[in-house]
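Reviewing the structure listed below.
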Amino acid sequence: MPMTRGYIPFHPNPSKPKYWPPAGAVDAHCHVFGPEAKFPYAPERKYTPCDAPKEKLFALRDFLGFDKSVIVQASCHSKDNRAMVDALESSAGRAKGVAFVGEEVSDEELKWLDRAGVKGVRFNFIKRLVDFTPRDVLQRIAARIAPLGWHIVVYFEMPDLPELEPFFTSLPTTVVVDHMGTPDVKKGVDHPENQRFHRLMERFQNFWVKVTCPERMTLTGAPYDDVVPFGRALVERFTERVIWGTDWPHPNVKVAPDDGALVDYIPKIATSATEQQALLVGNPMRLYWT
Ligand code: 0GY
């Protein structure tokens, strides 16, 4: 039986952010869930979310002052990418996607995903979300998608980085790290665990990072001031390789965040107009729209 965590619905009435993003801003990490009646959740899922359909996502995008979205396939839909692709196809070119595939994926399916606007695959190493996939299988998937010009998004827990790093650095594509590598805010920015991740970003220019999900890491809650130093350090050091997203509809969080408060976090980590332009427009456009 799938676990039923994740039923917490997204915020019903987010506040209007005080910060207004630059023209052409991209929400580079969000999801669509269902609707279940049309796109059933995968039998092997680890949680069952509430429906979060494309119409709601597009309405939130407009409300928050964003122009485009990158829709990441969520584990509750596993390898059935239809809900994500349907959203891409309804977006009038204003959404790109990141898919989840197995090595059994056919060339036709890869072509279908590519045509729809998929630009990457996600390798998920979070044990509570997915079953284990052997590294050699992932290597074969990487070799199949690299010629398409796609990248690989990796989602992992920071304590697992030492074990995963040799695999990550062997990947033949751009590698995009989810949620700042999930640092432990209690330990602080200078903790060796977090600094190891910074060193990886320094040494390997093909690594990018999403400065996302303060709501998952905070110990103090909105406005997420305790997470600011983590996002700020990454934006400052790797200005040309950071992207940002809402993570709407926020699967598996304990408290549904106010998406307006998440947008108001942006100018705290990207403090100049130049950094904001890179984070919200230039970088995601380079990664997803070229
Ligand atoms: C996220 C976070 C989570 C879930 C998923 O694929 C997923 O189901 O991504 C999570 O529970 O941490 O990246 O949005």
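Here, A, B, ... name the chains of the structure tokens in the order displayed, residue numbers run from 1 inside each chain, and ligands are numbered from 1 in the same displayed order.
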Taking only C-alpha atoms and all ligand atoms and a cut-off of 10 Å, can you tell me which residues surround ligand 1, written as a PyMOL selection string?
chain A and resi 5-6+29-31+33+45-49+72-78+100+122-124+126+128-130+154-157+178-179+182+212-213+216+245-253
Show which residues sit within 8 Å of Trp244 of chain A, as a ChimeraX atom specification. Count only C-alpha atoms, and ignore same-chain residues fewer than 2 positions away.
/A:26-29,210-212,242,246,279-280
With DSSP run on the backbone, what are the alpha helix (DSSP H) residues within segment 156-283 of chain A? I'd like them as a count of residues only.
52
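The coordinates place atom CA of Thr169 of chain A at 7.6 Å from atom CA of Phe204 of chain A.
Across A:Ala42, A:Ile141, A:Leu64, A:Leu287, the tightest approach to Trp20 of chain A is made by A:Leu64 when counting only C-alpha atoms.
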Need the shell around Ala256 of chain A: protein/DNA/RNA residues with any atom at most 9 Å away, counting only C-alpha atoms. Skip same-chain ones fewer than 4 positions apart. Format as a ChimeraX atom specification?
/A:8-12,215,249-250
